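Chemist: This is run.txt (compact mmCIF, C-alpha atoms).
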# COMPACT_ATOMS: atom_id res chain seq x y z
CA MET A 1 169.36 -10.97 96.61
CA LYS A 2 170.18 -8.73 93.69
CA ASN A 3 171.35 -5.23 94.51
CA GLU A 4 168.13 -3.31 94.02
CA THR A 5 169.66 0.12 93.68
CA THR A 6 171.74 -1.05 90.74
CA ALA A 7 168.78 -2.77 89.13
CA HIS A 8 166.63 0.35 89.39
CA ALA A 9 169.20 2.61 87.82
CA GLU A 10 168.98 0.47 84.70
CA ILE A 11 165.26 1.05 84.09
CA PRO A 12 164.57 4.21 82.06
CA GLY A 13 161.90 6.38 83.64
CA TYR A 14 161.95 4.48 86.91
CA GLU A 15 162.52 7.54 89.06
CA TYR A 16 161.69 5.99 92.40
CA GLY A 17 163.32 7.89 95.24
CA THR A 18 164.92 10.47 92.96
CA ASP A 19 164.53 14.24 92.65
CA GLN A 20 162.61 13.61 89.42
CA THR A 21 159.63 12.41 91.43
CA PRO A 22 157.72 15.26 93.11
CA LYS A 23 156.34 14.96 96.59
CA SER A 24 152.88 13.40 96.70
CA PRO A 25 150.01 15.67 97.72
CA VAL A 26 148.91 12.77 99.95
CA THR A 27 150.44 13.00 103.41
CA LEU A 28 151.98 10.12 105.35
CA ASP A 29 149.19 10.49 107.91
CA GLU A 30 146.62 10.07 105.15
CA LEU A 31 148.55 7.04 103.90
CA ARG A 32 148.40 5.44 107.35
CA GLN A 33 144.64 6.03 107.47
CA LEU A 34 144.25 4.50 104.03
CA GLU A 35 146.38 1.49 105.01
CA GLN A 36 144.07 0.98 107.96
CA ALA A 37 140.99 1.16 105.70
CA VAL A 38 142.57 -1.47 103.42
CA GLY A 39 143.34 -3.66 106.42
CA TRP A 40 147.07 -3.46 105.72
CA THR A 41 149.33 -4.41 108.63
CA GLU A 42 153.00 -5.17 109.21
CA GLU A 43 152.04 -8.84 108.99
CA ASP A 44 151.15 -8.25 105.34
CA ALA A 45 154.53 -6.65 104.76
CA ALA A 46 156.15 -9.77 106.26
CA TRP A 47 154.05 -12.15 104.12
CA LEU A 48 154.85 -10.18 101.00
CA ARG A 49 158.55 -10.49 101.75
CA ILE A 50 158.01 -14.25 101.79
CA ALA A 51 155.87 -14.05 98.64
CA ALA A 52 158.64 -12.07 96.96
CA GLU A 53 160.86 -15.17 97.02
CA THR A 54 158.38 -16.73 94.60
CA LEU A 55 156.97 -13.71 92.78
CA VAL A 56 160.02 -11.55 92.10
CA PRO A 57 161.82 -14.22 90.05
CA LYS A 58 158.55 -14.71 88.14
CA ALA A 59 157.64 -11.03 87.88
CA GLU A 60 158.38 -10.85 84.17
CA GLU A 61 156.33 -14.00 83.56
CA MET A 62 153.43 -12.47 85.51
CA VAL A 63 153.63 -9.23 83.54
CA ASP A 64 153.82 -11.18 80.26
CA GLU A 65 150.65 -13.02 81.26
CA TRP A 66 148.86 -9.75 82.08
CA ARG A 67 150.05 -8.09 78.90
CA ALA A 68 148.79 -11.03 76.87
CA VAL A 69 145.37 -10.34 78.38
CA ILE A 70 145.71 -6.65 77.55
CA ALA A 71 146.83 -7.45 74.01
CA SER A 72 143.70 -9.54 73.47
CA GLU A 73 141.29 -6.72 74.37
CA PRO A 74 140.96 -3.75 71.97
CA GLN A 75 139.66 -1.41 74.68
CA LEU A 76 142.84 -2.05 76.71
CA VAL A 77 145.23 -2.07 73.75
CA ALA A 78 143.85 1.37 72.82
CA SER A 79 146.00 3.00 75.50
CA PHE A 80 149.13 1.79 73.65
CA LEU A 81 148.20 2.92 70.12
CA LYS A 82 149.41 5.92 68.14
CA SER A 83 146.85 8.18 66.48
CA ASP A 84 147.24 6.24 63.22
CA GLY A 85 146.15 3.08 65.04
CA SER A 86 149.55 1.38 65.03
CA PRO A 87 151.11 0.22 68.29
CA ASP A 88 153.66 2.49 69.98
CA ASP A 89 156.14 -0.32 70.57
CA ALA A 90 158.84 1.82 72.17
CA TYR A 91 156.29 3.08 74.68
CA ARG A 92 155.05 -0.42 75.44
CA ALA A 93 158.55 -1.78 75.93
CA ALA A 94 159.53 1.06 78.25
CA ILE A 95 156.47 0.56 80.40
CA LYS A 96 156.92 -3.18 80.64
CA ARG A 97 160.16 -2.96 82.57
CA ARG A 98 158.62 -0.64 85.12
CA PHE A 99 155.57 -2.90 85.40
CA VAL A 100 157.88 -5.80 86.24
CA GLN A 101 159.63 -3.63 88.82
CA TRP A 102 156.24 -2.68 90.30
CA VAL A 103 155.62 -6.35 91.20
CA SER A 104 158.83 -6.31 93.18
CA ASP A 105 158.00 -2.95 94.74
CA VAL A 106 154.54 -4.13 95.88
CA CYS A 107 156.25 -7.00 97.67
CA LEU A 108 159.35 -5.35 99.08
CA ARG A 109 159.20 -1.58 99.35
CA PRO A 110 158.44 0.03 102.69
CA HIS A 111 155.46 2.41 102.59
CA ASP A 112 157.48 5.55 103.23
CA GLN A 113 157.54 9.01 101.65
CA GLU A 114 159.46 7.78 98.59
CA TRP A 115 156.99 4.99 98.01
CA LEU A 116 154.08 7.39 98.45
CA ASN A 117 155.60 9.87 95.99
CA TYR A 118 156.07 7.17 93.40
CA GLN A 119 152.49 5.89 93.63
CA GLU A 120 151.31 9.42 92.82
CA GLU A 121 153.80 9.54 89.95
CA ILE A 122 152.45 6.27 88.50
CA GLY A 123 148.89 7.61 88.81
CA GLN A 124 149.79 10.79 86.95
CA ARG A 125 151.47 8.77 84.22
CA HIS A 126 148.08 7.17 83.55
CA THR A 127 146.37 10.57 83.15
CA PRO A 128 146.79 13.70 80.99
CA ALA A 129 149.04 15.15 83.71
CA LYS A 130 151.96 12.95 82.62
CA LYS A 131 150.92 10.17 80.23
CA ASN A 132 153.40 9.83 77.34
CA GLN A 133 155.73 12.37 78.97
CA THR A 134 158.26 9.98 80.53
CA ASP A 135 158.76 7.85 77.42
CA GLY A 136 157.98 10.34 74.66
CA GLY A 137 154.97 8.22 73.77
CA HIS A 138 152.38 9.04 71.12
CA THR A 139 149.39 7.34 72.68
CA PRO A 140 146.02 8.60 74.03
CA PRO A 141 146.32 11.01 76.98
CA VAL A 142 144.68 8.70 79.52
CA VAL A 143 144.24 5.09 80.52
CA PRO A 144 140.55 5.25 81.49
CA MET A 145 140.29 4.79 85.23
CA ARG A 146 137.71 2.03 84.91
CA TYR A 147 140.28 -0.13 83.12
CA THR A 148 143.07 0.71 85.56
CA LEU A 149 140.78 -0.35 88.41
CA GLY A 150 138.99 -3.18 86.64
CA PHE A 151 142.23 -4.80 85.53
CA SER A 152 143.38 -4.92 89.16
CA ALA A 153 141.06 -7.94 89.43
CA VAL A 154 143.29 -9.75 86.92
CA VAL A 155 146.42 -8.73 88.82
CA ILE A 156 144.89 -9.89 92.10
CA THR A 157 143.35 -13.19 91.04
CA SER A 158 146.18 -14.34 88.77
CA VAL A 159 148.69 -14.39 91.63
CA HIS A 160 147.10 -17.54 93.03
CA SER A 161 148.73 -20.01 90.63
CA PHE A 162 152.11 -18.37 91.11
CA LEU A 163 151.80 -18.57 94.88
CA ILE A 164 150.70 -22.21 94.69
CA SER A 165 153.95 -22.92 92.88
CA SER A 166 155.82 -21.82 96.01
CA GLY A 167 155.00 -25.21 97.50
CA ARG A 168 154.10 -23.55 100.80
CA SER A 169 151.17 -24.55 103.00
CA GLU A 170 147.59 -23.65 102.13
CA GLU A 171 147.58 -21.31 105.13
CA ALA A 172 150.75 -19.55 103.92
CA VAL A 173 149.36 -19.22 100.39
CA GLN A 174 146.18 -17.69 101.83
CA ARG A 175 148.20 -15.17 103.88
CA MET A 176 150.38 -14.24 100.91
CA ARG A 177 147.38 -13.91 98.61
CA ALA A 178 145.52 -11.65 101.06
CA ALA A 179 148.65 -9.53 101.57
CA TRP A 180 149.08 -9.22 97.78
CA THR A 181 145.41 -8.20 97.43
CA ARG A 182 145.82 -5.48 100.05
CA GLY A 183 149.17 -4.30 98.69
CA VAL A 184 147.90 -4.08 95.11
CA LEU A 185 144.68 -2.28 96.07
CA LEU A 186 146.60 0.16 98.27
CA SER A 187 148.99 1.00 95.45
CA ILE A 188 146.28 1.34 92.80
CA THR A 189 143.99 3.34 95.10
CA LEU A 190 146.82 5.86 95.43
CA TRP A 191 147.08 6.01 91.62
CA THR A 192 143.41 7.02 91.39
CA ARG A 193 143.99 10.36 93.13
CA ALA A 194 145.13 11.83 89.83
CA TYR A 195 141.84 10.88 88.19
CA THR A 196 139.44 12.15 90.81
CA SER A 197 137.36 15.31 90.97
CA PRO A 198 138.75 17.80 93.54
CA GLY A 199 137.54 17.09 97.05
CA LEU A 200 136.16 13.63 96.26
CA TRP A 201 139.27 11.47 96.55
CA MET B 1 114.94 -19.50 98.33
CA LYS B 2 113.17 -16.40 99.57
CA ASN B 3 111.13 -14.48 97.03
CA GLU B 4 113.55 -11.73 96.14
CA THR B 5 111.03 -9.29 94.74
CA THR B 6 109.14 -9.30 98.01
CA ALA B 7 112.31 -8.96 100.03
CA HIS B 8 113.45 -5.95 97.98
CA ALA B 9 110.18 -4.11 98.38
CA GLU B 10 110.76 -4.14 102.14
CA ILE B 11 114.09 -2.26 102.03
CA PRO B 12 113.64 1.53 102.08
CA GLY B 13 115.67 3.26 99.39
CA TYR B 14 116.47 0.03 97.58
CA GLU B 15 115.19 1.23 94.24
CA TYR B 16 116.73 -1.48 92.11
CA GLY B 17 114.85 -1.89 88.85
CA THR B 18 112.38 0.89 89.60
CA ASP B 19 111.61 4.20 87.90
CA GLN B 20 113.34 5.91 90.84
CA THR B 21 116.70 4.79 89.48
CA PRO B 22 117.80 6.79 86.42
CA LYS B 23 119.50 5.18 83.47
CA SER B 24 123.26 4.89 83.89
CA PRO B 25 125.40 7.06 81.60
CA VAL B 26 127.50 3.91 81.09
CA THR B 27 126.27 1.85 78.14
CA LEU B 28 125.82 -1.92 78.11
CA ASP B 29 128.59 -2.10 75.49
CA GLU B 30 130.92 -0.25 77.86
CA LEU B 31 129.89 -2.62 80.63
CA ARG B 32 130.80 -5.63 78.50
CA GLN B 33 134.21 -4.10 77.77
CA LEU B 34 134.74 -3.47 81.46
CA GLU B 35 133.69 -7.01 82.35
CA GLN B 36 136.28 -8.25 79.89
CA ALA B 37 138.98 -6.04 81.47
CA VAL B 38 138.07 -7.46 84.90
CA GLY B 39 138.25 -10.98 83.52
CA TRP B 40 134.57 -11.58 84.34
CA THR B 41 132.95 -14.51 82.53
CA GLU B 42 129.73 -16.52 82.74
CA GLU B 43 131.72 -19.05 84.72
CA ASP B 44 132.08 -16.45 87.47
CA ALA B 45 128.33 -15.88 87.43
CA ALA B 46 127.86 -19.64 87.88
CA TRP B 47 130.39 -19.84 90.74
CA LEU B 48 128.77 -16.88 92.48
CA ARG B 49 125.39 -18.63 92.30
CA ILE B 50 127.04 -21.51 94.15
CA ALA B 51 128.76 -19.10 96.55
CA ALA B 52 125.39 -17.47 97.21
CA GLU B 53 124.20 -20.65 98.93
CA THR B 54 126.82 -19.95 101.59
CA LEU B 55 127.11 -16.16 101.48
CA VAL B 56 123.50 -14.97 101.22
CA PRO B 57 122.41 -16.61 104.49
CA LYS B 58 125.52 -15.04 106.08
CA ALA B 59 125.27 -11.68 104.36
CA GLU B 60 124.20 -9.84 107.49
CA GLU B 61 127.02 -11.46 109.45
CA MET B 62 129.49 -10.37 106.75
CA VAL B 63 128.18 -6.82 106.80
CA ASP B 64 128.30 -6.76 110.62
CA GLU B 65 131.94 -7.82 110.43
CA TRP B 66 132.74 -5.07 107.91
CA ARG B 67 130.86 -2.46 109.87
CA ALA B 68 132.75 -3.42 113.02
CA VAL B 69 135.93 -2.62 111.09
CA ILE B 70 134.43 0.68 109.92
CA ALA B 71 133.31 1.53 113.46
CA SER B 72 136.86 1.05 114.74
CA GLU B 73 138.38 3.57 112.31
CA PRO B 74 137.61 7.29 112.81
CA GLN B 75 138.38 8.17 109.17
CA LEU B 76 135.71 5.66 108.05
CA VAL B 77 133.21 6.46 110.79
CA ALA B 78 133.42 10.11 109.70
CA SER B 79 131.11 9.41 106.76
CA PHE B 80 128.35 8.46 109.22
CA LEU B 81 128.59 11.44 111.58
CA LYS B 82 126.40 14.52 111.84
CA SER B 83 128.02 17.95 111.88
CA ASP B 84 127.95 17.94 115.71
CA GLY B 85 130.08 14.76 115.67
CA SER B 86 127.35 12.41 116.85
CA PRO B 87 126.48 9.35 114.77
CA ASP B 88 123.52 9.55 112.39
CA ASP B 89 122.06 6.25 113.52
CA ALA B 90 118.98 6.37 111.28
CA TYR B 91 121.24 6.84 108.27
CA ARG B 92 123.53 4.00 109.33
CA ALA B 93 120.64 1.63 109.89
CA ALA B 94 119.05 2.43 106.52
CA ILE B 95 122.31 1.84 104.70
CA LYS B 96 123.01 -1.43 106.45
CA ARG B 97 120.01 -3.21 104.96
CA ARG B 98 121.00 -2.19 101.46
CA PHE B 99 124.61 -3.24 102.12
CA VAL B 100 123.34 -6.71 103.09
CA GLN B 101 121.24 -6.79 99.94
CA TRP B 102 124.31 -5.77 97.89
CA VAL B 103 126.08 -9.01 98.94
CA SER B 104 123.18 -10.95 97.50
CA ASP B 105 123.10 -8.79 94.37
CA VAL B 106 126.83 -9.31 93.72
CA CYS B 107 126.21 -13.04 93.81
CA LEU B 108 122.89 -13.35 92.01
CA ARG B 109 121.93 -10.40 89.84
CA PRO B 110 122.47 -10.59 86.10
CA HIS B 111 124.58 -7.75 84.72
CA ASP B 112 121.77 -6.15 82.72
CA GLN B 113 120.56 -2.56 82.31
CA GLU B 114 118.83 -2.54 85.71
CA TRP B 115 121.98 -3.77 87.42
CA LEU B 116 124.07 -1.19 85.58
CA ASN B 117 121.68 1.61 86.54
CA TYR B 118 121.81 0.63 90.18
CA GLN B 119 125.62 0.53 90.33
CA GLU B 120 125.60 4.15 89.11
CA GLU B 121 122.97 4.97 91.72
CA ILE B 122 125.11 3.49 94.51
CA GLY B 123 128.12 5.46 93.26
CA GLN B 124 126.17 8.72 93.30
CA ARG B 125 124.93 7.98 96.82
CA HIS B 126 128.59 8.04 97.91
CA THR B 127 129.17 11.50 96.37
CA PRO B 128 127.66 15.01 96.66
CA ALA B 129 125.31 14.10 93.77
CA LYS B 130 123.10 12.02 96.09
CA LYS B 131 124.71 11.30 99.45
CA ASN B 132 122.20 11.77 102.31
CA GLN B 133 119.38 12.30 99.81
CA THR B 134 117.82 8.82 99.92
CA ASP B 135 117.72 8.54 103.70
CA GLY B 136 117.46 12.19 104.73
CA GLY B 137 120.90 11.85 106.31
CA HIS B 138 122.88 14.65 107.95
CA THR B 139 126.37 13.36 107.22
CA PRO B 140 129.31 14.69 105.14
CA PRO B 141 128.54 15.02 101.42
CA VAL B 142 131.01 12.36 100.28
CA VAL B 143 132.59 9.05 101.25
CA PRO B 144 136.14 9.78 100.03
CA MET B 145 136.84 7.58 97.05
CA ARG B 146 140.08 6.28 98.52
CA TYR B 147 138.13 4.69 101.37
CA THR B 148 135.43 3.29 99.10
CA LEU B 149 138.16 1.66 97.01
CA GLY B 150 140.56 0.81 99.82
CA PHE B 151 137.87 -0.88 101.87
CA SER B 152 137.12 -3.18 98.93
CA ALA B 153 140.25 -5.07 100.05
CA VAL B 154 138.45 -5.90 103.31
CA VAL B 155 135.32 -6.98 101.43
CA ILE B 156 137.41 -9.14 99.09
CA THR B 157 139.77 -10.81 101.56
CA SER B 158 137.22 -11.41 104.33
CA VAL B 159 135.10 -13.66 102.11
CA HIS B 160 137.67 -16.44 102.41
CA SER B 161 136.66 -17.69 105.86
CA PHE B 162 132.97 -17.60 104.90
CA LEU B 163 133.65 -19.61 101.74
CA ILE B 164 135.76 -22.12 103.67
CA SER B 165 132.73 -22.73 105.87
CA SER B 166 130.88 -24.00 102.78
CA GLY B 167 132.81 -27.25 103.18
CA ARG B 168 133.45 -27.34 99.42
CA SER B 169 136.72 -28.39 97.82
CA GLU B 170 139.78 -26.17 97.79
CA GLU B 171 139.33 -25.80 94.04
CA ALA B 172 135.70 -24.71 94.43
CA VAL B 173 136.64 -22.23 97.16
CA GLN B 174 139.32 -20.79 94.88
CA ARG B 175 136.82 -20.41 92.00
CA MET B 176 134.22 -18.79 94.25
CA ARG B 177 136.78 -16.45 95.80
CA ALA B 178 138.08 -15.33 92.39
CA ALA B 179 134.52 -14.81 91.13
CA TRP B 180 133.70 -12.76 94.24
CA THR B 181 136.86 -10.66 93.72
CA ARG B 182 135.88 -9.93 90.13
CA GLY B 183 132.23 -9.28 90.96
CA VAL B 184 133.07 -6.89 93.79
CA LEU B 185 135.68 -4.99 91.78
CA LEU B 186 133.31 -4.71 88.82
CA SER B 187 130.55 -3.29 90.99
CA ILE B 188 132.81 -0.86 92.85
CA THR B 189 134.58 0.25 89.67
CA LEU B 190 131.17 1.27 88.34
CA TRP B 191 130.56 3.28 91.53
CA THR B 192 133.73 5.29 90.90
CA ARG B 193 132.34 6.91 87.76
CA ALA B 194 130.51 9.45 89.92
CA TYR B 195 133.81 10.51 91.54
CA THR B 196 135.93 10.90 88.44
CA SER B 197 136.99 13.98 86.51
CA PRO B 198 135.14 14.24 83.17
CA GLY B 199 136.79 12.23 80.41
CA LEU B 200 139.06 10.27 82.75
CA TRP B 201 136.78 7.45 83.86
Spell out the structure here as structure tokens.
Modeler:
Amino acid sequence: MKNETTAHAEIPGYEYGTDQTPKSPVTLDELRQLEQAVGWTEEDAAWLRIAAETLVPKAEEMVDEWRAVIASEPQLVASFLKSDGSPDDAYRAAIKRRFVQWVSDVCLRPHDQEWLNYQEEIGQRHTPAKKNQTDGGHTPPVVPMRYTLGFSAVVITSVHSFLISSGRSEEAVQRMRAAWTRGVLLSITLWTRAYTSPGLW
Amino acid sequence: MKNETTAHAEIPGYEYGTDQTPKSPVTLDELRQLEQAVGWTEEDAAWLRIAAETLVPKAEEMVDEWRAVIASEPQLVASFLKSDGSPDDAYRAAIKRRFVQWVSDVCLRPHDQEWLNYQEEIGQRHTPAKKNQTDGGHTPPVVPMRYTLGFSAVVITSVHSFLISSGRSEEAVQRMRAAWTRGVLLSITLWTRAYTSPGLW
């Protein structure tokens, strides 16, 4: 397997596990309670490690597929446009590499303090707190939460055909797909903290 | 099939399509854009009508399964407790019947203005805007959004075994499962509006 630490250092703005990423306001105890609500277990972590053998080499292909969907929908593209209506290509390109890395992180990263901190960071980068900041973008100050959440359905359902290509048993595909569903929803639920009215998250 | 209108009239607080349910602040145009972001199509509506043949007769069993999960987790049970720490059983019982009806609604209701209004209503009933109001409950004023969202993973993944019991082809099960995933995430995303900071939803 590729040396992950080296790979990460090459992605601009991917500040996972560095001093650039502040501590999440969510505690590890709260994370464990949320994992339990999601139904996440160590078995899911194990199935995602198996899924990673198929998904990580195809992560860029998956992200390209998702971004083609985004590109076809004006309300989603809007988050990548400058105020003159032209696309902020530098911003889009910078984000893509981290999106590809996120696929790998969903599959392989342990849910520790660093992981927790980075989920909060990703959430803030979708909201006025930090959108555009990391990449010097010139796009709207928020990806509306309904699209962040709604699009998770695309991310969840589209994994099926990739997992089928693993050639593993129907039972294994089902386990991997359920683990992916839980892992994605856990990650994205943590992103939503930055969007939520105080006391309601 | 049971006469739905009659069935609905029997469920206290199920004010779907009535004057008791205010108009959603979300427009139908915004709903169509959100459907598109979720990947929802008329094909999903058709597959959910097929899924309904299996799921609606088992809706109470599904909800019992989910509520058993909720009952086993103190952070989820908390939303059903009175201030003295005892369960508000009347509140729980009232909600259960509407939860069962929601399974049917996800499968069968057209996504029109009445449906849109009721998704907003459900969202508000999870937040200080309306929690406890419908049923005269004595529970905390909010179901934390992270649990509302996180638990959707249980609702999504648990449908698999029920759909398998339909005896339909693997392909049909896959289509029904994907449609259920999209339908559930669409509904729950609409609930989250009531939780979100102004301008960020």
Chemist: For the contact check between chain A and chain B, emit one row per residue of chain A within 7 Å, containing the shortest atom pair and the distance in Å rounded to one decimal, counting only C-alpha atoms, chain then rising number order, as a Markdown table.
Modeler:
| residue | atom | partner | partner_atom | distance |
| --- | --- | --- | --- | --- |
| A:Gln33 | CA | B:Gln75 | CA | 6.8 |
| A:Leu34 | CA | B:Tyr147 | CA | 6.7 |
| A:Ala37 | CA | B:Phe151 | CA | 5.3 |
| A:Val38 | CA | B:Gly150 | CA | 4.7 |
| A:Gly39 | CA | B:Val154 | CA | 6.2 |
| A:Gln75 | CA | B:Gln33 | CA | 6.8 |
| A:Val142 | CA | B:Leu200 | CA | 6.7 |
| A:Pro144 | CA | B:Trp201 | CA | 5.0 |
| A:Met145 | CA | B:Trp201 | CA | 4.6 |
| A:Arg146 | CA | B:Trp201 | CA | 5.6 |
| A:Tyr147 | CA | B:Ala37 | CA | 6.3 |
| A:Leu149 | CA | B:Thr189 | CA | 6.4 |
| A:Gly150 | CA | B:Val38 | CA | 4.7 |
| A:Phe151 | CA | B:Val38 | CA | 5.0 |
| A:Ala153 | CA | B:Val38 | CA | 5.4 |
| A:Val154 | CA | B:Val38 | CA | 6.0 |
| A:Thr157 | CA | B:Ala178 | CA | 5.8 |
| A:Ala178 | CA | B:Thr157 | CA | 5.8 |
| A:Thr181 | CA | B:Ala153 | CA | 6.6 |
| A:Arg182 | CA | B:Ala153 | CA | 5.6 |
| A:Leu185 | CA | B:Gly150 | CA | 6.4 |
| A:Leu186 | CA | B:Gly150 | CA | 6.3 |
| A:Thr189 | CA | B:Arg146 | CA | 6.0 |
| A:Tyr195 | CA | B:Thr196 | CA | 5.9 |
| A:Thr196 | CA | B:Thr196 | CA | 4.4 |
| A:Ser197 | CA | B:Ser197 | CA | 4.7 |
| A:Leu200 | CA | B:Pro144 | CA | 5.4 |
| A:Trp201 | CA | B:Met145 | CA | 4.6 |
Chemist: Can you tell me, as an mmCIF file with C-alpha atoms, keeping the file's coordinate frame, what residues are no more than 12 Å from Lys96 (chain B) when counting all atoms listed in the file, ignoring any on the same chain fewer than 6 positions away?
Modeler:
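Full text of part_20.cif as output:
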data_model
loop_
_atom_site.group_PDB
_atom_site.id
_atom_site.type_symbol
_atom_site.label_atom_id
_atom_site.label_comp_id
_atom_site.auth_asym_id
_atom_site.auth_seq_id
_atom_site.Cartn_x
_atom_site.Cartn_y
_atom_site.Cartn_z
ATOM 1 C CA ILE B 11 114.090 -2.260 102.030
ATOM 2 C CA PRO B 12 113.640 1.530 102.080
ATOM 3 C CA GLY B 13 115.670 3.260 99.390
ATOM 4 C CA TYR B 14 116.470 0.030 97.580
ATOM 5 C CA ALA B 59 125.270 -11.680 104.360
ATOM 6 C CA GLU B 60 124.200 -9.840 107.490
ATOM 7 C CA GLU B 61 127.020 -11.460 109.450
ATOM 8 C CA MET B 62 129.490 -10.370 106.750
ATOM 9 C CA VAL B 63 128.180 -6.820 106.800
ATOM 10 C CA ASP B 64 128.300 -6.760 110.620
ATOM 11 C CA GLU B 65 131.940 -7.820 110.430
ATOM 12 C CA TRP B 66 132.740 -5.070 107.910
ATOM 13 C CA ARG B 67 130.860 -2.460 109.870
ATOM 14 C CA ALA B 68 132.750 -3.420 113.020
ATOM 15 C CA PHE B 80 128.350 8.460 109.220
ATOM 16 C CA ASP B 89 122.060 6.250 113.520
ATOM 17 C CA ALA B 90 118.980 6.370 111.280
ATOM 18 C CA TRP B 102 124.310 -5.770 97.890
ATOM 19 C CA VAL B 103 126.080 -9.010 98.940
ATOM 20 C CA ASP B 135 117.720 8.540 103.700
#
Chemist: Could you check the closest approach to Pro25 (chain A) for each of A:Glu10, A:Asp105, A:Asp84, A:Glu121 and tell me which residue wins, using all atoms listed in the file?
Modeler: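 Using all atoms listed in the file, Pro25 (chain A) sits closest to A:Glu121.
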Chemist: For CA of Ser165 (chain B) and CA of Asp44 (chain B), quote the distance in Å rounded to one decimal.
Modeler: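 We find that CA of Ser165 (chain B) and CA of Asp44 (chain B) lie 19.5 Å from each other.
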Chemist: In Å, how far is it from CA of Val100 (chain B) to CA of Ala45 (chain B)?
Modeler: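 Computed distance, CA of Val100 (chain B) to CA of Ala45 (chain B), equals 18.8 Å.
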Chemist: With all atoms listed in the file as the basis for distance, which of B:Thr139, B:Ser104, B:Gln119, B:Asn132 is at the shortest distance from Ser86 (chain B)?
Modeler: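 Looking at the shortest contact to Ser86 (chain B), the residue is B:Thr139.
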Chemist: Which is closer to Val173 (chain B) than all the others in B:Leu81, B:Val159, B:Val106, B:Ala129, using all atoms listed in the file?
Modeler: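 Once distances to Val173 (chain B) are computed over all atoms listed in the file, the minimum belongs to B:Val159.
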Chemist: In terms of the shortest atom-to-atom distance over all atoms listed in the file, which of B:Tyr91, B:Trp47, B:Tyr16, B:Trp115 is closest to Leu31 (chain B)?
Modeler: B:Trp115
Chemist: By how many Å are CA of Leu163 (chain A) and CA of Ala71 (chain A) apart?
Modeler: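 Separating CA of Leu163 (chain A) from CA of Ala71 (chain A) is a distance of 24.2 Å.
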Chemist: Which residue out of B:Gln124, B:Leu116, B:Cys107, B:Lys131 has the minimum interatomic distance to Leu55 (chain B) when all atoms listed in the file are used?
Modeler: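 Between B:Gln124, B:Leu116, B:Cys107, B:Lys131, the residue approaching Leu55 (chain B) most closely is B:Cys107.
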Chemist: Write only N, CA and C atoms for region 75-86 of chain B from the block just shown, as a PDB file, in the first residue's frame.
Modeler:
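Dumped to result_10.pdb:
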ATOM      1  N   GLN B  75     -28.494   8.060  24.825  1.00  0.00           N
ATOM      2  CA  GLN B  75     -28.472   9.377  24.184  1.00  0.00           C
ATOM      3  C   GLN B  75     -29.655   9.546  23.235  1.00  0.00           C
ATOM      4  N   LEU B  76     -30.225   8.439  22.757  1.00  0.00           N
ATOM      5  CA  LEU B  76     -31.421   8.512  21.902  1.00  0.00           C
ATOM      6  C   LEU B  76     -32.692   8.488  22.751  1.00  0.00           C
ATOM      7  N   VAL B  77     -32.694   7.637  23.764  1.00  0.00           N
ATOM      8  CA  VAL B  77     -33.846   7.578  24.674  1.00  0.00           C
ATOM      9  C   VAL B  77     -34.106   8.941  25.303  1.00  0.00           C
ATOM     10  N   ALA B  78     -33.048   9.714  25.516  1.00  0.00           N
ATOM     11  CA  ALA B  78     -33.154  11.004  26.214  1.00  0.00           C
ATOM     12  C   ALA B  78     -34.255  11.888  25.636  1.00  0.00           C
ATOM     13  N   SER B  79     -34.491  11.783  24.331  1.00  0.00           N
ATOM     14  CA  SER B  79     -35.500  12.640  23.698  1.00  0.00           C
ATOM     15  C   SER B  79     -36.929  12.257  24.087  1.00  0.00           C
ATOM     16  N   PHE B  80     -37.065  11.109  24.747  1.00  0.00           N
ATOM     17  CA  PHE B  80     -38.390  10.608  25.135  1.00  0.00           C
ATOM     18  C   PHE B  80     -38.613  10.633  26.649  1.00  0.00           C
ATOM     19  N   LEU B  81     -37.715  11.292  27.386  1.00  0.00           N
ATOM     20  CA  LEU B  81     -37.810  11.277  28.851  1.00  0.00           C
ATOM     21  C   LEU B  81     -38.381  12.584  29.397  1.00  0.00           C
ATOM     22  N   LYS B  82     -39.133  12.464  30.465  1.00  0.00           N
ATOM     23  CA  LYS B  82     -39.595  13.643  31.198  1.00  0.00           C
ATOM     24  C   LYS B  82     -38.448  14.191  32.045  1.00  0.00           C
ATOM     25  N   SER B  83     -38.654  15.378  32.608  1.00  0.00           N
ATOM     26  CA  SER B  83     -37.556  16.021  33.339  1.00  0.00           C
ATOM     27  C   SER B  83     -37.157  15.218  34.584  1.00  0.00           C
ATOM     28  N   ASP B  84     -38.052  14.355  35.076  1.00  0.00           N
ATOM     29  CA  ASP B  84     -37.676  13.522  36.236  1.00  0.00           C
ATOM     30  C   ASP B  84     -36.962  12.238  35.803  1.00  0.00           C
ATOM     31  N   GLY B  85     -36.719  12.093  34.482  1.00  0.00           N
ATOM     32  CA  GLY B  85     -35.959  10.943  33.989  1.00  0.00           C
ATOM     33  C   GLY B  85     -36.817   9.731  33.667  1.00  0.00           C
ATOM     34  N   SER B  86     -38.109   9.819  33.902  1.00  0.00           N
ATOM     35  CA  SER B  86     -38.987   8.691  33.552  1.00  0.00           C
ATOM     36  C   SER B  86     -39.486   8.859  32.116  1.00  0.00           C
TER      37      SER B  86
END
